[in-house]
Amino acid sequence: MSKFQLYNTLTRKLEDFEPAVSGRVGMYVCGPTVYGPPHLGHTRGPILFDVLRRFMEQQGWSVRFVKNITDVGHLVGDGDEGEDKLQKQARLEQIEPMEVAQSYTDAYNAVMDKMNVRRPSIEPKASGHIIEQIEMIQTILSKGLAYESKGSVYFDVAAYAKDHHYGELSGRVIEELMAGAGEQARSLEGQEEKRNANDFALWKKASPEHIMQWSSPWGKGYPGWHIECSAMSAKYLGTQFDIHGGGMDLLFPHHEGEIAQSCAAHGVNPARFWVHHNMITINGQKMAKSLNNGILAEDLFSGNHALLAQPYSPMTLRFFVLQAHYRSTLDFSNDALQAAQKGLQRMQAAWKTAQGLKASASSSLEMADLHQACAEAMRNDLATPQVIAHLFEWARRINLVNDGRETLDQAGLDQALELFRTYYFEVLGMQLEGSGDDQGLVSAMQVLLDLRAQAKADKNYALSDSIRDRLAEAGFQIKDGKDGSSWSRS
RNA sequence: GGUCGGAUGGCCGAGUGGCUAGGCACAGGUCUGCAAAACCUCUUACACCGGUUCGAAUCCGGUUCCGACCUCCA
């Protein structure tokens with residue numbers, strides 16, 4: 001059996017993955033910055049790392065999965081209110097940043113739940129780990145790799161680069177960064193306090209209108225963008241853990257900064273494997289506010305968006321995302337989503353069919369080969385598109401058996417059901433949709449099917465067709481088979 | 001400008017040198033009172049130009065386009 005191979009951005013190669021501590025995996029993934037409702041871009045990473053976690057658990061490893069919530073930083077007068085206005089308002093009318101962060105955290109998790117993304121083992125908030133971050137900054141300061149400047153603390157990239165390789169993850173060359181950063185970076189706030197344009201903030205002095213701020217040895221302020229991940233991952237997973245994940249857009253400067261901070265403070269790269277997923281585009285273009293093509297997850301689910309022809313369910317989204325490899329860009333379009341939706345329906349129908357199959361005395365086809373193929377695909381850098389292709393082949397075989405063209409004995413049938421359960425539900429984390437149908441609905445539908453069967457027996461086709469058509473309008477599809485009729489949501 | 005990654009059949013999308021991924025759409029067929037569903041068939045597409053090789057979508061070089069990052073970003 002081949003080993004589990006995972007692409008490591010650090011080495012830009014596929015490598016055999018084994019947990020450093022036998023049987024136990026530590027994984028940290030950069031979570032959302034909760035300053036707005038989750039959009040489609042926020043869905044791919046969570047789905048990928050959920051699948052990675054599920055797969056590793058299926059290998060028998062226990063996974064501690066940490067995903068942070070970034071709730072510090074901006075949140076400065078979200079509605080553009082001036083300071084005066086803010087101060088004059090009654091306290092309860094003021095924007096309370098924690099409340100804003102909480103509501104977006106809830107919105108994020110609601111979307112995750114719908115997509116059947118399991119909650120992490122630990123979901124630490126940056127605001128709850130200010131002390132750890134301050135301690136880490138002090139450690140870096142004590143090593144002479146950071147400096148204080150006007151109430152802020154900056155990481156000294158030039159000093160760090162003397163003994164370390166700054167840029168090892170992103171492939172940036174420090175000299176070029178030093179040379180090129182000049183022009184564009186000048187306009188940024190706070191540049192004049194830095195020794196070098198590439199230095200990044202570990203701690204930022206809070207301006208008066210900055211509502212979220214904490215006391216520190218350097219005065220009131222708030223932590224820099226990269227330090228939270230370093231501090232929290234070290235706290236919950238140790239100074240070095242197995243996997244650090246995130247989007248490719250975080251490669252630089254965020255993850256490069258994390259590596260630098262951790263190497264400075266702890267002397268090691270925090271993660272053995274760095275795993276990055278690619279971006280999502282819409283009709284071939286990147287999502288951007290200026291292009292007005294950003295789609296919120298909830299918009300996709302409701303279909304309430306100019307670019308969407310119809311709603312698409314959370315499972316359609318999950319299925320769609322998994323049909324592309326995580327390191328490829330993935331393009332959203334109505335055509336592509338509709339194709340995914342159709343395929344998903346076919347897959348689910350095959351599962352229902354499989355559950356109703358009766359065993360034959362002997363098997364005319366194998367199922368073990370598919371099981372093997374799915375396992376191989378997953379071990380090959382999480383080749384979920386290939387797993388799905390194999391599951392479609394599984395569906396084809398199930399349908400052949402259902403049509404009486406092939407047979408499965410009890411063992412083969414059990415094996416078939418087990419395969420689908422393992423890979424479709426457990427590893428890919430798919431869920432049946434429409435499973436919210438209660439028993440009353442099922443019974444009522446059976447009454448209608450019985451009436452229609454009677455009408456057909458009486459050759460009253462006007463009536464039987466009317467039942468079928470009206471149910472279709474109501475969103476239920478009737479399927480006539482040899483052994484009677486069944487229904488599904490269309 | 002720098003760094004990195006792409007260009008695959010009508011659409012999406014796998015493909016880690018030889019063994020035609022898969023889905024959707026279209027078309028033909030089986031089945032059916034008619035449909036739908038299901039099943040079968042739809043028998044090779046890889047930006048361009050060179051090169052390496054017995055053999056290249058896959059490796060090397062060049063060209064043209066596209067994208068991400070370099071500034072908050074999943």
# chains A, B, ... in the order shown; residues from 1 in each chain; ligands from 1
>>> interface_residues(of="chain A", to="chain B", cutoff="7 Å", atoms="only C-alpha atoms (C1' of nucleotides)", output="MDAnalysis selection string")
chainID A and resid 41:42 45 171:172 247 249 252 324 335:336 339:340 343 385:386 389 399:400 479
>>> write_last_selection(atoms="N, CA and C atoms", output="PDB file, in the first residue's frame")
ATOM      1  N   GLY A  41     -15.464  32.482  -1.518  1.00  0.00           N
ATOM      2  CA  GLY A  41     -14.043  32.280  -1.280  1.00  0.00           C
ATOM      3  C   GLY A  41     -13.762  31.674   0.085  1.00  0.00           C
ATOM      4  N   HIS A  42     -14.666  31.873   1.007  1.00  0.00           N
ATOM      5  CA  HIS A  42     -14.469  31.341   2.350  1.00  0.00           C
ATOM      6  C   HIS A  42     -14.869  29.876   2.463  1.00  0.00           C
ATOM      7  N   GLY A  45     -11.482  26.473   1.380  1.00  0.00           N
ATOM      8  CA  GLY A  45     -10.512  26.018   2.362  1.00  0.00           C
ATOM      9  C   GLY A  45     -11.147  25.122   3.425  1.00  0.00           C
ATOM     10  N   GLY A 171       9.189  31.844  -1.702  1.00  0.00           N
ATOM     11  CA  GLY A 171      10.141  31.988  -2.798  1.00  0.00           C
ATOM     12  C   GLY A 171      10.556  33.419  -3.019  1.00  0.00           C
ATOM     13  N   ARG A 172      10.160  34.287  -2.107  1.00  0.00           N
ATOM     14  CA  ARG A 172      10.582  35.685  -2.233  1.00  0.00           C
ATOM     15  C   ARG A 172      12.074  35.784  -1.962  1.00  0.00           C
ATOM     16  N   GLY A 247      -5.205  29.473   2.442  1.00  0.00           N
ATOM     17  CA  GLY A 247      -5.320  29.789   1.021  1.00  0.00           C
ATOM     18  C   GLY A 247      -3.983  30.254   0.464  1.00  0.00           C
ATOM     19  N   ASP A 249      -3.365  32.772  -1.140  1.00  0.00           N
ATOM     20  CA  ASP A 249      -3.184  34.214  -0.991  1.00  0.00           C
ATOM     21  C   ASP A 249      -2.524  34.554   0.348  1.00  0.00           C
ATOM     22  N   PHE A 252       2.197  34.758   1.221  1.00  0.00           N
ATOM     23  CA  PHE A 252       2.975  35.937   1.551  1.00  0.00           C
ATOM     24  C   PHE A 252       2.045  37.129   1.682  1.00  0.00           C
ATOM     25  N   ALA A 324     -13.001  19.494  -8.245  1.00  0.00           N
ATOM     26  CA  ALA A 324     -11.741  20.056  -8.747  1.00  0.00           C
ATOM     27  C   ALA A 324     -10.661  19.770  -7.713  1.00  0.00           C
ATOM     28  N   ASP A 335     -23.457  27.251 -15.477  1.00  0.00           N
ATOM     29  CA  ASP A 335     -23.378  25.973 -16.186  1.00  0.00           C
ATOM     30  C   ASP A 335     -22.652  24.924 -15.352  1.00  0.00           C
ATOM     31  N   ALA A 336     -21.539  25.340 -14.782  1.00  0.00           N
ATOM     32  CA  ALA A 336     -20.737  24.393 -14.002  1.00  0.00           C
ATOM     33  C   ALA A 336     -21.498  23.942 -12.759  1.00  0.00           C
ATOM     34  N   ALA A 339     -24.238  21.549 -13.695  1.00  0.00           N
ATOM     35  CA  ALA A 339     -23.675  20.229 -13.994  1.00  0.00           C
ATOM     36  C   ALA A 339     -23.396  19.472 -12.704  1.00  0.00           C
ATOM     37  N   ALA A 340     -22.856  20.177 -11.726  1.00  0.00           N
ATOM     38  CA  ALA A 340     -22.561  19.548 -10.437  1.00  0.00           C
ATOM     39  C   ALA A 340     -23.850  19.097  -9.763  1.00  0.00           C
ATOM     40  N   GLY A 343     -25.159  15.936 -11.392  1.00  0.00           N
ATOM     41  CA  GLY A 343     -24.321  14.807 -11.018  1.00  0.00           C
ATOM     42  C   GLY A 343     -24.583  14.368  -9.593  1.00  0.00           C
ATOM     43  N   PRO A 385     -11.281  14.637  -7.078  1.00  0.00           N
ATOM     44  CA  PRO A 385     -11.987  14.481  -8.360  1.00  0.00           C
ATOM     45  C   PRO A 385     -11.964  13.036  -8.827  1.00  0.00           C
ATOM     46  N   GLN A 386     -10.862  12.360  -8.552  1.00  0.00           N
ATOM     47  CA  GLN A 386     -10.780  10.964  -8.966  1.00  0.00           C
ATOM     48  C   GLN A 386     -11.635  10.071  -8.081  1.00  0.00           C
ATOM     49  N   ALA A 389     -14.978  10.408  -9.489  1.00  0.00           N
ATOM     50  CA  ALA A 389     -15.094   9.648 -10.740  1.00  0.00           C
ATOM     51  C   ALA A 389     -15.319   8.169 -10.433  1.00  0.00           C
ATOM     52  N   ASN A 399     -26.543   0.700 -10.795  1.00  0.00           N
ATOM     53  CA  ASN A 399     -27.680   0.788 -11.704  1.00  0.00           C
ATOM     54  C   ASN A 399     -27.773  -0.427 -12.603  1.00  0.00           C
ATOM     55  N   LEU A 400     -26.626  -0.949 -12.989  1.00  0.00           N
ATOM     56  CA  LEU A 400     -26.638  -2.162 -13.811  1.00  0.00           C
ATOM     57  C   LEU A 400     -27.248  -3.314 -13.034  1.00  0.00           C
ATOM     58  N   LYS A 479     -41.016   8.486 -10.518  1.00  0.00           N
ATOM     59  CA  LYS A 479     -40.227   7.581 -11.347  1.00  0.00           C
ATOM     60  C   LYS A 479     -40.944   6.247 -11.413  1.00  0.00           C
TER      61      LYS A 479
END
>>> residues_around(residues="G18 in chain B", least_positions_apart="5", cutoff="12 Å", atoms="only C-alpha atoms (C1' of nucleotides)", output="number ranges by chain")
B: 53-56, 58
>>> residues_around(residues="Leu141 in chain A", least_positions_apart="3", cutoff="10 Å", atoms="only C-alpha atoms (C1' of nucleotides)", output="PyMOL selection string")
chain A and resi 135-138+144-148+153-156+264-265
>>> write_last_selection(atoms="N, CA, C and O atoms", output="JSON list (two decimals), in the first residue's frame")
[["chain", "number", "residue", "atom", "x", "y", "z"],
["A", 135, "GLU", "N", 3.44, 37.84, 25.03],
["A", 135, "GLU", "CA", 4.60, 37.06, 25.50],
["A", 135, "GLU", "C", 5.51, 36.67, 24.34],
["A", 135, "GLU", "O", 6.73, 36.73, 24.43],
["A", 136, "MET", "N", 4.88, 36.29, 23.25],
["A", 136, "MET", "CA", 5.68, 35.87, 22.11],
["A", 136, "MET", "C", 6.45, 37.05, 21.52],
["A", 136, "MET", "O", 7.60, 36.93, 21.11],
["A", 137, "ILE", "N", 5.78, 38.20, 21.50],
["A", 137, "ILE", "CA", 6.46, 39.40, 21.00],
["A", 137, "ILE", "C", 7.66, 39.73, 21.90],
["A", 137, "ILE", "O", 8.75, 40.09, 21.40],
["A", 138, "GLN", "N", 7.48, 39.57, 23.19],
["A", 138, "GLN", "CA", 8.58, 39.86, 24.12],
["A", 138, "GLN", "C", 9.75, 38.92, 23.88],
["A", 138, "GLN", "O", 10.90, 39.33, 23.95],
["A", 144, "GLY", "N", 16.40, 40.15, 19.96],
["A", 144, "GLY", "CA", 16.92, 41.22, 19.12],
["A", 144, "GLY", "C", 16.41, 41.19, 17.69],
["A", 144, "GLY", "O", 17.01, 41.77, 16.79],
["A", 145, "LEU", "N", 15.28, 40.53, 17.50],
["A", 145, "LEU", "CA", 14.77, 40.42, 16.13],
["A", 145, "LEU", "C", 13.51, 41.26, 15.91],
["A", 145, "LEU", "O", 12.80, 41.09, 14.93],
["A", 146, "ALA", "N", 13.27, 42.14, 16.87],
["A", 146, "ALA", "CA", 12.16, 43.07, 16.72],
["A", 146, "ALA", "C", 12.53, 44.34, 17.45],
["A", 146, "ALA", "O", 13.48, 44.36, 18.23],
["A", 147, "TYR", "N", 11.85, 45.43, 17.16],
["A", 147, "TYR", "CA", 12.16, 46.69, 17.82],
["A", 147, "TYR", "C", 10.89, 47.48, 18.04],
["A", 147, "TYR", "O", 9.90, 47.32, 17.32],
["A", 148, "GLU", "N", 10.92, 48.29, 19.07],
["A", 148, "GLU", "CA", 9.77, 49.13, 19.37],
["A", 148, "GLU", "C", 9.94, 50.47, 18.70],
["A", 148, "GLU", "O", 11.06, 50.99, 18.61],
["A", 153, "VAL", "N", 5.45, 47.67, 17.74],
["A", 153, "VAL", "CA", 6.61, 46.78, 17.68],
["A", 153, "VAL", "C", 6.67, 46.16, 16.29],
["A", 153, "VAL", "O", 5.65, 45.66, 15.79],
["A", 154, "TYR", "N", 7.83, 46.23, 15.69],
["A", 154, "TYR", "CA", 7.98, 45.67, 14.34],
["A", 154, "TYR", "C", 8.99, 44.55, 14.33],
["A", 154, "TYR", "O", 9.98, 44.56, 15.07],
["A", 155, "PHE", "N", 8.73, 43.58, 13.47],
["A", 155, "PHE", "CA", 9.67, 42.49, 13.27],
["A", 155, "PHE", "C", 10.79, 43.00, 12.37],
["A", 155, "PHE", "O", 10.53, 43.61, 11.33],
["A", 156, "ASP", "N", 12.02, 42.73, 12.77],
["A", 156, "ASP", "CA", 13.17, 43.24, 12.03],
["A", 156, "ASP", "C", 13.61, 42.21, 10.99],
["A", 156, "ASP", "O", 14.39, 41.30, 11.28],
["A", 264, "ALA", "N", 12.03, 32.80, 15.00],
["A", 264, "ALA", "CA", 12.67, 33.78, 15.89],
["A", 264, "ALA", "C", 12.42, 33.42, 17.35],
["A", 264, "ALA", "O", 13.33, 33.46, 18.18],
["A", 265, "ALA", "N", 11.18, 33.07, 17.67],
["A", 265, "ALA", "CA", 10.82, 32.83, 19.07],
["A", 265, "ALA", "C", 11.15, 31.42, 19.53],
["A", 265, "ALA", "O", 11.58, 31.21, 20.66]]
>>> select_by_dssp(residues="range 132-338 of chain A", states="alpha helix (DSSP H)", output="PyMOL selection string")
chain A and resi 132-142+157-163+174-180+182-185+227-237+256-266+297-302+314-322+334-338
>>> atom_distance(atom1="CA of Pro253 in chain A", atom2="CA of Lys235 in chain A")
21.8 Å
>>> residues_around(residues="range 15-28 of chain A", least_positions_apart="4", cutoff="8 Å", atoms="only C-alpha atoms (C1' of nucleotides)", output="VMD selection string")
chain A and resid 3 to 8 60 to 67 233 237 241 to 245
>>> atom_distance(atom1="CA of Thr281 in chain A", atom2="CA of Ala110 in chain A")
23.0 Å
>>> residues_around(residues="Val111 in chain A", least_positions_apart="6", cutoff="9 Å", atoms="only C-alpha atoms (C1' of nucleotides)", output="PyMOL selection string")
chain A and resi 38+43+117+297-298+314
>>> write_last_selection(atoms="N, CA, C and O atoms", output="PDB file, in the first residue's frame")
ATOM      1  N   PRO A  38     -19.715  35.467   5.241  1.00  0.00           N
ATOM      2  CA  PRO A  38     -18.853  34.601   4.431  1.00  0.00           C
ATOM      3  C   PRO A  38     -19.285  34.566   2.962  1.00  0.00           C
ATOM      4  O   PRO A  38     -20.472  34.469   2.656  1.00  0.00           O
ATOM      5  N   THR A  43     -15.361  29.302   1.385  1.00  0.00           N
ATOM      6  CA  THR A  43     -15.898  27.945   1.500  1.00  0.00           C
ATOM      7  C   THR A  43     -14.910  26.864   1.074  1.00  0.00           C
ATOM      8  O   THR A  43     -14.992  25.742   1.539  1.00  0.00           O
ATOM      9  N   VAL A 117     -19.331  20.932   7.167  1.00  0.00           N
ATOM     10  CA  VAL A 117     -17.937  21.080   7.590  1.00  0.00           C
ATOM     11  C   VAL A 117     -17.925  20.966   9.111  1.00  0.00           C
ATOM     12  O   VAL A 117     -18.571  21.768   9.795  1.00  0.00           O
ATOM     13  N   ALA A 297     -22.089  33.183   0.464  1.00  0.00           N
ATOM     14  CA  ALA A 297     -22.520  31.788   0.547  1.00  0.00           C
ATOM     15  C   ALA A 297     -24.047  31.704   0.637  1.00  0.00           C
ATOM     16  O   ALA A 297     -24.680  30.900  -0.043  1.00  0.00           O
ATOM     17  N   GLU A 298     -24.611  32.577   1.450  1.00  0.00           N
ATOM     18  CA  GLU A 298     -26.071  32.533   1.613  1.00  0.00           C
ATOM     19  C   GLU A 298     -26.788  32.951   0.334  1.00  0.00           C
ATOM     20  O   GLU A 298     -27.898  32.487   0.058  1.00  0.00           O
ATOM     21  N   PRO A 314     -26.123  23.742  -0.366  1.00  0.00           N
ATOM     22  CA  PRO A 314     -24.791  23.611   0.240  1.00  0.00           C
ATOM     23  C   PRO A 314     -24.079  22.329  -0.204  1.00  0.00           C
ATOM     24  O   PRO A 314     -22.866  22.342  -0.405  1.00  0.00           O
TER      25      PRO A 314
END
